[in-house]
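For reference, the structure discussed in these notes is given below.
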Amino acid sequence: MTPHGQLAIRRPADLPLDSLVRLVRSYEENITGVATCTREDILLETSRPAYAENSWCLTGPGDEVLAWAALTPCGDLLDAALTTLPGRHGESAARTLLCLMLDRADELAVERGRPYAVTVGGVLHGDSVVPSVLKEAGFVRSASLGRYDIDLTVPLLPPLLPDGGVVRRAGAEDADVLHALHLRSLSKGPKAEEPAAFRAGLRRLRESGGVALLLEVSGRPVGYALARTDAGEGRVLDLGVAPAFRGLGIGLALLTAVLAELRGLGATRALVTLDSGDLNDHEVLGHVLRVQGARVVTRFLRTDTD
């Protein structure tokens, strides 16, 4: 047992990055039996705008991280994450860090002159701690997403494109086009509303050897996908389709195309998170891809931050 006096609130920047990796992997293993988080995933989270001043950890003896929280301003929304291990201190840790996040949300709301909505994502189905703590604080479920583990050791079917459809690598000159598609897509996740922040993310993706694809129909941009790979594991980071082109198979075509790119880069598996704005029929994945596993991830929303 950890004596209460040995618990401390720390800034994540003052702790080893691997301690956050261990926390998230332990969280995943405890709930699903499988850990998928990598060091690159945590690096991606910690590189988000204003992360240093908007993140906290609760630590025990030996700087073991028991809980981690962070939020990022995204337009009228504060996009947050809250991860805590179950156990004796699980609920109190979640409440403590959630209070810090909501206090910070109030400060940011005063600075901008109007309140933010706050969303907490990445909560795995089966989490026995975070959902109840969020509901106590006035959060409601806003979206359920599917997270799929795709086997890339077998050849993929070529993307089935609509008439006049072409998939190509997106370059730096396409950043504004990709950003416009990102804002228009029906994905329920937070949007990077500032063009500069979106461009910075694309630049980091290119520098790390990632992939950005653009799908055009008769020369008109209608969808995009962003992905990266590390040590044989791929991640589809973002996928969006223009609303007017939903229902035409654009999302599935983009997904199969970007998975083929990851396979070409040496990835043997890939993780894909999709909501209803990405793909109309998630069951079709099992017919065209080898799905090794699936889990449900929930996003919670609180609009009244007074």
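Going by the structure tokens order, chains are called A, B, ..., each with residues numbered from 1, while ligands are numbered from 1 in the order shown.
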Strand (DSSP E) positions in segment 124-297 of chain A, given as a PyMOL selection string
chain A and resi 124+140-151+165-169+211-217+220-230+233-241+269-274+291-297
Considering only C-alpha atoms, give me a table of residues in segment 128-223 of chain A that are at most 9 Å from segment 103-120 of chain A, with the closest atom pair and distance in Å for each, as a Markdown table.
| residue | atom | partner | partner_atom | distance |
| --- | --- | --- | --- | --- |
| A:Leu134 | CA | A:Val120 | CA | 8.6 |
| A:Phe139 | CA | A:Thr119 | CA | 8.2 |
| A:Ser142 | CA | A:Thr119 | CA | 8.6 |
| A:Pro190 | CA | A:Thr119 | CA | 8.3 |
Kindly export the residues of the current selection with C-alpha atoms, as a compact mmCIF listing (two decimals), in the first residue's frame.
# COMPACT_ATOMS: atom_id res chain seq x y z
CA LEU A 134 -16.59 12.11 -14.89
CA PHE A 139 -19.88 14.84 -17.98
CA SER A 142 -20.78 12.00 -26.31
CA PRO A 190 -11.66 17.53 -31.45
Name the residues in contact with Glu261 of chain A at a cut-off of 10 Å, using only C-alpha atoms, excluding same-chain residues fewer than 3 positions from it; report them as an NGL selection string.
:A and (169 or 210-213 or 227-229 or 234 or 255-258 or 264-267)
Please produce an output containing N, CA, C and O atoms for each residue in the selection, written as a compact mmCIF listing (two decimals), in the first residue's frame.
# COMPACT_ATOMS: atom_id res chain seq x y z
N ARG A 169 0.07 10.96 -52.47
CA ARG A 169 0.76 11.52 -51.30
C ARG A 169 0.52 13.03 -51.25
O ARG A 169 0.62 13.71 -52.26
N GLY A 210 6.28 9.84 -41.47
CA GLY A 210 4.88 9.44 -41.55
C GLY A 210 4.31 9.62 -42.95
O GLY A 210 5.01 10.01 -43.90
N VAL A 211 3.02 9.33 -43.06
CA VAL A 211 2.34 9.32 -44.35
C VAL A 211 1.13 10.25 -44.30
O VAL A 211 0.35 10.22 -43.34
N ALA A 212 0.96 11.06 -45.34
CA ALA A 212 -0.23 11.89 -45.51
C ALA A 212 -0.77 11.63 -46.91
O ALA A 212 -0.07 11.84 -47.90
N LEU A 213 -2.00 11.13 -47.00
CA LEU A 213 -2.63 10.83 -48.28
C LEU A 213 -3.82 11.75 -48.51
O LEU A 213 -4.54 12.12 -47.58
N ALA A 227 -0.92 8.94 -41.10
CA ALA A 227 -0.49 7.74 -40.39
C ALA A 227 1.03 7.78 -40.19
O ALA A 227 1.75 8.53 -40.86
N ARG A 228 1.49 6.95 -39.28
CA ARG A 228 2.94 6.79 -39.06
C ARG A 228 3.21 5.36 -38.63
O ARG A 228 2.29 4.60 -38.28
N THR A 229 4.47 4.99 -38.64
CA THR A 229 4.87 3.66 -38.20
C THR A 229 6.12 3.76 -37.36
O THR A 229 6.95 4.66 -37.54
N GLY A 234 2.04 0.31 -36.93
CA GLY A 234 1.51 1.50 -37.56
C GLY A 234 0.38 2.10 -36.75
O GLY A 234 -0.25 1.44 -35.93
N LEU A 255 -8.71 4.25 -46.00
CA LEU A 255 -8.15 3.38 -44.97
C LEU A 255 -7.30 2.28 -45.58
O LEU A 255 -6.17 2.03 -45.14
N THR A 256 -7.80 1.60 -46.61
CA THR A 256 -7.01 0.53 -47.22
C THR A 256 -5.75 1.08 -47.89
O THR A 256 -4.70 0.45 -47.88
N ALA A 257 -5.85 2.29 -48.45
CA ALA A 257 -4.68 2.89 -49.10
C ALA A 257 -3.61 3.24 -48.08
O ALA A 257 -2.41 2.97 -48.30
N VAL A 258 -4.00 3.82 -46.95
CA VAL A 258 -2.99 4.23 -45.98
C VAL A 258 -2.42 3.01 -45.25
O VAL A 258 -1.24 2.99 -44.90
N GLY A 264 3.99 -1.07 -46.62
CA GLY A 264 5.17 -0.83 -47.44
C GLY A 264 6.33 -0.26 -46.64
O GLY A 264 7.49 -0.43 -47.03
N LEU A 265 6.03 0.38 -45.51
CA LEU A 265 7.07 0.93 -44.64
C LEU A 265 7.55 -0.09 -43.62
O LEU A 265 8.36 0.23 -42.75
N GLY A 266 7.03 -1.30 -43.70
CA GLY A 266 7.50 -2.36 -42.82
C GLY A 266 6.62 -2.69 -41.63
O GLY A 266 6.98 -3.54 -40.81
N ALA A 267 5.48 -2.04 -41.51
CA ALA A 267 4.59 -2.32 -40.39
C ALA A 267 3.91 -3.68 -40.58
O ALA A 267 3.47 -4.01 -41.68
Per-residue DSSP, segment 27-169 of chain A, filtered to helix (DSSP H, G or I), as a ChimeraX atom specification
/A:27-32,39-46,52-54,61-63,90-112,130-136
What would the file look like if the residues just selected were written as a CSV table (one decimal), in the first residue's frame with N, CA and C atoms?
chain,number,residue,atom,x,y,z
A,27,TYR,N,-2.6,0.6,-17.7
A,27,TYR,CA,-4.0,0.9,-17.8
A,27,TYR,C,-4.7,0.0,-18.9
A,28,GLU,N,-4.0,-0.1,-20.1
A,28,GLU,CA,-4.6,-0.9,-21.2
A,28,GLU,C,-4.6,-2.4,-20.8
A,29,GLU,N,-3.5,-2.9,-20.2
A,29,GLU,CA,-3.4,-4.3,-19.9
A,29,GLU,C,-4.4,-4.6,-18.8
A,30,ASN,N,-4.6,-3.8,-17.8
A,30,ASN,CA,-5.6,-4.0,-16.8
A,30,ASN,C,-7.0,-4.2,-17.3
A,31,ILE,N,-7.3,-3.4,-18.3
A,31,ILE,CA,-8.7,-3.4,-18.7
A,31,ILE,C,-9.0,-4.4,-19.9
A,32,THR,N,-8.0,-4.4,-20.8
A,32,THR,CA,-8.3,-5.3,-22.0
A,32,THR,C,-7.4,-6.5,-22.1
A,39,ARG,N,6.1,4.4,-27.0
A,39,ARG,CA,6.7,5.7,-26.7
A,39,ARG,C,6.4,6.8,-27.6
A,40,GLU,N,6.3,6.4,-28.9
A,40,GLU,CA,5.9,7.4,-29.9
A,40,GLU,C,4.5,8.0,-29.7
A,41,ASP,N,3.6,7.2,-29.2
A,41,ASP,CA,2.2,7.6,-28.9
A,41,ASP,C,2.3,8.7,-27.8
A,42,ILE,N,3.1,8.5,-26.8
A,42,ILE,CA,3.2,9.4,-25.7
A,42,ILE,C,3.9,10.7,-26.1
A,43,LEU,N,5.0,10.5,-27.0
A,43,LEU,CA,5.6,11.7,-27.5
A,43,LEU,C,4.7,12.6,-28.3
A,44,LEU,N,3.7,11.9,-29.0
A,44,LEU,CA,2.7,12.7,-29.8
A,44,LEU,C,1.9,13.5,-28.8
A,45,GLU,N,1.4,12.9,-27.7
A,45,GLU,CA,0.6,13.6,-26.8
A,45,GLU,C,1.3,14.8,-26.1
A,46,THR,N,2.6,14.5,-25.7
A,46,THR,CA,3.3,15.5,-25.0
A,46,THR,C,3.8,16.7,-25.9
A,52,ALA,N,2.8,21.7,-21.6
A,52,ALA,CA,3.6,21.8,-20.3
A,52,ALA,C,2.8,22.4,-19.2
A,53,GLU,N,2.1,23.5,-19.5
A,53,GLU,CA,1.3,24.2,-18.5
A,53,GLU,C,-0.1,23.7,-18.3
A,54,ASN,N,-0.5,22.7,-19.0
A,54,ASN,CA,-1.8,22.1,-18.9
A,54,ASN,C,-1.8,20.6,-18.7
A,61,PRO,N,5.6,6.5,-4.4
A,61,PRO,CA,7.0,6.3,-4.1
A,61,PRO,C,7.8,5.9,-5.3
A,62,GLY,N,9.0,6.4,-5.4
A,62,GLY,CA,9.9,6.1,-6.5
A,62,GLY,C,9.4,6.8,-7.8
A,63,ASP,N,8.6,7.8,-7.7
A,63,ASP,CA,8.0,8.6,-8.9
A,63,ASP,C,7.2,7.7,-9.8
A,90,GLY,N,-7.3,4.9,-6.9
A,90,GLY,CA,-7.8,5.2,-8.2
A,90,GLY,C,-8.8,6.4,-8.3
A,91,GLU,N,-9.9,6.3,-7.5
A,91,GLU,CA,-10.9,7.3,-7.6
A,91,GLU,C,-10.4,8.6,-7.1
A,92,SER,N,-9.7,8.6,-6.0
A,92,SER,CA,-9.2,9.9,-5.4
A,92,SER,C,-8.2,10.5,-6.4
A,93,ALA,N,-7.4,9.7,-7.0
A,93,ALA,CA,-6.4,10.3,-8.0
A,93,ALA,C,-7.2,10.9,-9.2
A,94,ALA,N,-8.2,10.2,-9.7
A,94,ALA,CA,-9.0,10.8,-10.8
A,94,ALA,C,-9.7,12.1,-10.4
A,95,ARG,N,-10.3,12.1,-9.2
A,95,ARG,CA,-11.0,13.3,-8.8
A,95,ARG,C,-10.0,14.5,-8.6
A,96,THR,N,-8.8,14.2,-8.1
A,96,THR,CA,-7.8,15.2,-7.9
A,96,THR,C,-7.4,15.9,-9.2
A,97,LEU,N,-7.0,15.0,-10.1
A,97,LEU,CA,-6.5,15.6,-11.4
A,97,LEU,C,-7.7,16.2,-12.2
A,98,LEU,N,-8.9,15.7,-12.1
A,98,LEU,CA,-10.0,16.3,-12.8
A,98,LEU,C,-10.3,17.7,-12.2
A,99,CYS,N,-10.2,17.8,-10.9
A,99,CYS,CA,-10.3,19.2,-10.3
A,99,CYS,C,-9.3,20.1,-10.8
A,100,LEU,N,-8.1,19.7,-11.0
A,100,LEU,CA,-7.0,20.5,-11.5
A,100,LEU,C,-7.4,20.9,-13.0
A,101,MET,N,-7.8,20.0,-13.7
A,101,MET,CA,-8.2,20.3,-15.1
A,101,MET,C,-9.3,21.3,-15.2
A,102,LEU,N,-10.4,21.1,-14.4
A,102,LEU,CA,-11.5,22.0,-14.5
A,102,LEU,C,-11.2,23.4,-13.9
A,103,ASP,N,-10.3,23.4,-12.9
A,103,ASP,CA,-9.9,24.8,-12.4
A,103,ASP,C,-9.1,25.5,-13.5
A,104,ARG,N,-8.3,24.7,-14.3
A,104,ARG,CA,-7.5,25.3,-15.4
A,104,ARG,C,-8.4,25.8,-16.5
A,105,ALA,N,-9.5,25.0,-16.7
A,105,ALA,CA,-10.5,25.3,-17.7
A,105,ALA,C,-11.2,26.6,-17.4
A,106,ASP,N,-11.5,26.8,-16.1
A,106,ASP,CA,-12.0,28.1,-15.6
A,106,ASP,C,-11.1,29.3,-15.9
A,107,GLU,N,-9.8,29.1,-15.6
A,107,GLU,CA,-8.8,30.1,-15.8
A,107,GLU,C,-8.7,30.5,-17.3
A,108,LEU,N,-8.7,29.5,-18.2
A,108,LEU,CA,-8.6,29.7,-19.6
A,108,LEU,C,-9.9,30.4,-20.1
A,109,ALA,N,-11.0,30.1,-19.5
A,109,ALA,CA,-12.3,30.7,-19.9
A,109,ALA,C,-12.3,32.2,-19.6
A,110,VAL,N,-11.8,32.5,-18.4
A,110,VAL,CA,-11.7,33.9,-18.0
A,110,VAL,C,-10.8,34.7,-19.0
A,111,GLU,N,-9.7,34.0,-19.4
A,111,GLU,CA,-8.7,34.7,-20.3
A,111,GLU,C,-9.4,35.0,-21.6
A,112,ARG,N,-10.2,34.1,-22.1
A,112,ARG,CA,-10.8,34.3,-23.4
A,112,ARG,C,-12.2,35.0,-23.4
A,130,VAL,N,-12.7,6.0,-14.1
A,130,VAL,CA,-12.8,7.3,-14.8
A,130,VAL,C,-14.3,7.7,-15.2
A,131,PRO,N,-15.0,6.8,-15.8
A,131,PRO,CA,-16.4,7.1,-16.2
A,131,PRO,C,-17.3,7.6,-15.0
A,132,SER,N,-17.2,6.9,-13.9
A,132,SER,CA,-18.0,7.3,-12.7
A,132,SER,C,-17.6,8.7,-12.2
A,133,VAL,N,-16.3,8.9,-12.2
A,133,VAL,CA,-15.8,10.2,-11.7
A,133,VAL,C,-16.2,11.4,-12.6
A,134,LEU,N,-16.2,11.1,-13.9
A,134,LEU,CA,-16.6,12.1,-14.9
A,134,LEU,C,-18.1,12.4,-14.8
A,135,LYS,N,-18.9,11.4,-14.6
A,135,LYS,CA,-20.3,11.6,-14.4
A,135,LYS,C,-20.7,12.4,-13.2
A,136,GLU,N,-19.9,12.1,-12.1
A,136,GLU,CA,-20.1,12.9,-10.9
A,136,GLU,C,-19.9,14.4,-11.2
